[in-house]
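Trainee: The structure under discussion is supplied below as structure tokens; questions concerning it will follow.
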Amino acid sequence: MTLEIDNVELFFKEKRILNGIYLKAETGHITGILGSNGCGKSCLLKIIFGDLNPKYKLIRINSKPILKPLYQTKLVSYLPQHHFIPNNLNTKTAFKLFNVDWIDFTITFPSFAFFENLKFHRLSGGERRVVEVFLILKSSSKIILLDEPFSHIAPLYIKKITSLIETEKHQKAIIITDHMYQHIVDVSDAIYLLKNGCSKLINNLKNLRIISI
């Protein structure tokens with residue numbers, strides 16, 4: 001599957017945030033997005049998901065234009081920056097709702113085995129993030145959008161999540177952004193830089209000056 005978003009124009013009041021953005025993601029590849037705070041990375045993911053309506057956009061899947069929000073197609077799962085699972089929901093119920101195997105999760109993260117019946121407000125911010133990332137990555141969706149998946153997560157868990165992303169990419173198109181840019185560089189097969197409202201495909205990482213982002 002190939003996903004393309006093209007000619008994105010986004011304004012907030014009179015300020016242009018995105019201008020003529022193009023991005024491509026495909027099954028078997030991880031597409032990373034880099035850019036400074038406020039450059040529009042999160043906005044772009046929301047536009048792809050269908051949660052934010054820009055002035056103009058064109059989304060294509062396998063070269064065919066998609067006219068309705070992607071979330072209505074059930075092709076996409078989106079990890080926002082904020083916690084999206086209700087505080088009073090317990091972990092066991094969340095895994096059932098997402099149709100994800102709890103045993104599979106505890107094999108990857110054995111230290112979470114005792115959390116099966118805990119409500120989410122009992123977990124730390126980093127623990128919640130680990131569960132949320134796993135649920136999104138293991139969902140049945142063929143397009144995965146990850147906004148700040150490494151935020152507040154312990155280094156040991158980051159390694160496991162990176163490995164999980166590498167595994168899931170073989171059957172999914174994954175788009176990822178995070179302020180911890182080195183993790184994005186390490187895991188991505190293609191990287192787009194957002195700067196001054198425009199996107200640029202980085203063909204040579206040696207030419208990418210992170211300090212200028």
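Every chain in the structure tokens takes a letter, A first, then B, and so on in the order presented; its residues are numbered from 1, and the ligands are numbered from 1 following the presented order.
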Could you go through segment 23-159 of chain A and tell me which residues DSSP, when run on the backbone, assigns to strand (DSSP E or B), listing them as an NGL selection string?

Mentor: :A and (23-26 or 30-34 or 56-61 or 64-65 or 76-79 or 90 or 119 or 143-147)

Trainee: Can you tell me, as a PyMOL selection string, what residues are no more than 7 Å from Val133 of chain A when counting only C-alpha atoms, ignoring any on the same chain fewer than 4 positions away?

Mentor: chain A and resi 79+129+137+149

Trainee: Export C-alpha atoms of the chosen residues as a tab-separated table (two decimals), in the first residue's frame?

Mentor:
chain	number	residue	atom	x	y	z
A	79	LEU	CA	-1.18	7.85	18.24
A	129	ARG	CA	2.75	5.49	26.60
A	137	LEU	CA	1.17	-0.66	16.33
A	149	PRO	CA	5.91	7.60	20.56

Trainee: Find the residues around segment 185-193 of chain A up to 6 Å (only C-alpha atoms counted), leave out those fewer than 2 positions away in its own chain, and share them as number ranges by chain.

Mentor: A: 29-35, 182-183, 199-202

Trainee: Would you export the selected residues with all heavy atoms as a compact mmCIF listing (two decimals), in the first residue's frame, please?

Mentor:
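Written file, selection15.txt:
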# COMPACT_ATOMS: atom_id res chain seq x y z
N HIS A 29 8.08 0.33 4.71
CA HIS A 29 8.97 1.45 4.97
C HIS A 29 8.45 2.27 6.15
O HIS A 29 7.25 2.38 6.36
CB HIS A 29 9.10 2.36 3.75
CG HIS A 29 9.85 1.74 2.62
ND1 HIS A 29 9.28 0.83 1.76
CD2 HIS A 29 11.14 1.90 2.21
CE1 HIS A 29 10.17 0.45 0.86
NE2 HIS A 29 11.31 1.08 1.11
N ILE A 30 9.39 2.84 6.89
CA ILE A 30 9.07 3.78 7.96
C ILE A 30 9.43 5.17 7.48
O ILE A 30 10.57 5.42 7.10
CB ILE A 30 9.84 3.45 9.25
CG1 ILE A 30 9.49 2.03 9.72
CG2 ILE A 30 9.53 4.47 10.34
CD1 ILE A 30 10.44 1.49 10.78
N THR A 31 8.45 6.06 7.48
CA THR A 31 8.65 7.43 7.03
C THR A 31 8.73 8.35 8.23
O THR A 31 7.78 8.48 9.00
CB THR A 31 7.51 7.88 6.09
OG1 THR A 31 7.45 7.00 4.97
CG2 THR A 31 7.74 9.31 5.61
N GLY A 32 9.88 8.98 8.41
CA GLY A 32 10.08 9.89 9.54
C GLY A 32 9.89 11.34 9.14
O GLY A 32 10.16 11.72 8.00
N ILE A 33 9.39 12.13 10.08
CA ILE A 33 9.23 13.58 9.88
C ILE A 33 10.04 14.30 10.94
O ILE A 33 9.85 14.08 12.14
CB ILE A 33 7.75 14.00 9.97
CG1 ILE A 33 6.88 13.20 9.00
CG2 ILE A 33 7.61 15.50 9.69
CD1 ILE A 33 5.39 13.48 9.14
N LEU A 34 10.93 15.18 10.51
CA LEU A 34 11.73 16.00 11.41
C LEU A 34 11.39 17.47 11.21
O LEU A 34 10.97 17.88 10.12
CB LEU A 34 13.22 15.79 11.15
CG LEU A 34 13.79 14.40 11.45
CD1 LEU A 34 15.27 14.36 11.12
CD2 LEU A 34 13.57 14.01 12.90
N GLY A 35 11.59 18.25 12.24
CA GLY A 35 11.35 19.68 12.15
C GLY A 35 11.33 20.30 13.53
O GLY A 35 11.18 19.60 14.53
N GLN A 182 17.09 11.62 17.05
CA GLN A 182 18.02 10.54 16.72
C GLN A 182 17.29 9.21 16.57
O GLN A 182 17.66 8.37 15.73
CB GLN A 182 19.11 10.42 17.78
CG GLN A 182 20.26 9.47 17.38
CD GLN A 182 20.92 9.90 16.09
OE1 GLN A 182 21.35 11.04 15.93
NE2 GLN A 182 20.98 8.99 15.12
N HIS A 183 16.25 8.99 17.38
CA HIS A 183 15.46 7.76 17.24
C HIS A 183 14.75 7.73 15.89
O HIS A 183 14.63 6.66 15.28
CB HIS A 183 14.43 7.66 18.37
CG HIS A 183 15.05 7.53 19.73
ND1 HIS A 183 16.04 6.63 20.02
CD2 HIS A 183 14.80 8.20 20.88
CE1 HIS A 183 16.39 6.74 21.29
NE2 HIS A 183 15.65 7.69 21.84
N SER A 199 8.05 20.86 2.83
CA SER A 199 8.64 19.55 3.11
C SER A 199 9.76 19.27 2.12
O SER A 199 9.67 19.62 0.94
CB SER A 199 7.58 18.45 3.02
OG SER A 199 7.02 18.39 1.72
N LYS A 200 10.78 18.61 2.62
CA LYS A 200 11.91 18.24 1.76
C LYS A 200 12.33 16.82 2.09
O LYS A 200 12.60 16.50 3.26
CB LYS A 200 13.09 19.19 1.96
CG LYS A 200 14.31 18.84 1.12
CD LYS A 200 15.42 19.84 1.31
CE LYS A 200 16.68 19.44 0.56
NZ LYS A 200 16.44 19.30 -0.89
N LEU A 201 12.38 15.97 1.08
CA LEU A 201 12.85 14.61 1.27
C LEU A 201 14.37 14.64 1.42
O LEU A 201 15.08 15.19 0.57
CB LEU A 201 12.44 13.74 0.09
CG LEU A 201 12.91 12.28 0.12
CD1 LEU A 201 12.31 11.54 1.32
CD2 LEU A 201 12.56 11.57 -1.19
N ILE A 202 14.87 14.05 2.51
CA ILE A 202 16.31 14.04 2.76
C ILE A 202 16.90 12.77 2.17
O ILE A 202 16.67 11.66 2.68
CB ILE A 202 16.61 14.11 4.28
CG1 ILE A 202 15.92 15.33 4.89
CG2 ILE A 202 18.10 14.13 4.53
CD1 ILE A 202 16.36 16.66 4.30

Trainee: Could you state the separation of atom CA of Phe95 of chain A and atom CA of Ser111 of chain A in Å, given to one decimal place?

Mentor: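 These two atoms are separated by 16.7 Å.
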
Trainee: Let me make sure I understand: among A:Lys92, A:Arg128, A:Lys41, A:Arg60, which one has the smallest atom-to-atom distance to Thr177 of chain A if we use only C-alpha atoms?

Mentor: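 Using only C-alpha atoms, the shortest distance to Thr177 of chain A belongs to A:Lys41.
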
Trainee: Tell me which of A:Phe134, A:Phe120, A:Tyr181, A:Tyr56 sits closest to Glu168 of chain A, counting only C-alpha atoms.

Mentor: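 Of A:Phe134, A:Phe120, A:Tyr181, A:Tyr56, the one nearest Glu168 of chain A is A:Phe134, counting only C-alpha atoms.
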
Trainee: Please list as a PyMOL selection string every residue within 9 Å of Tyr78 of chain A, counting only C-alpha atoms and excluding residues in the same chain fewer than 3 positions away.

Mentor: chain A and resi 45-46+49+71+136+143-147

Trainee: If you count only C-alpha atoms, which residues fall within 7 Å of Lys24 of chain A, apart from same-chain ones fewer than 5 positions away, as a list in words?

Mentor: Leu3, Glu4 and Ile5 of chain A

Trainee: As an exercise, work out the distance from atom CA of Thr27 of chain A to atom CA of Met180 of chain A in Å and give it to one decimal place.

Mentor: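 Those two atoms sit 23.6 Å apart.
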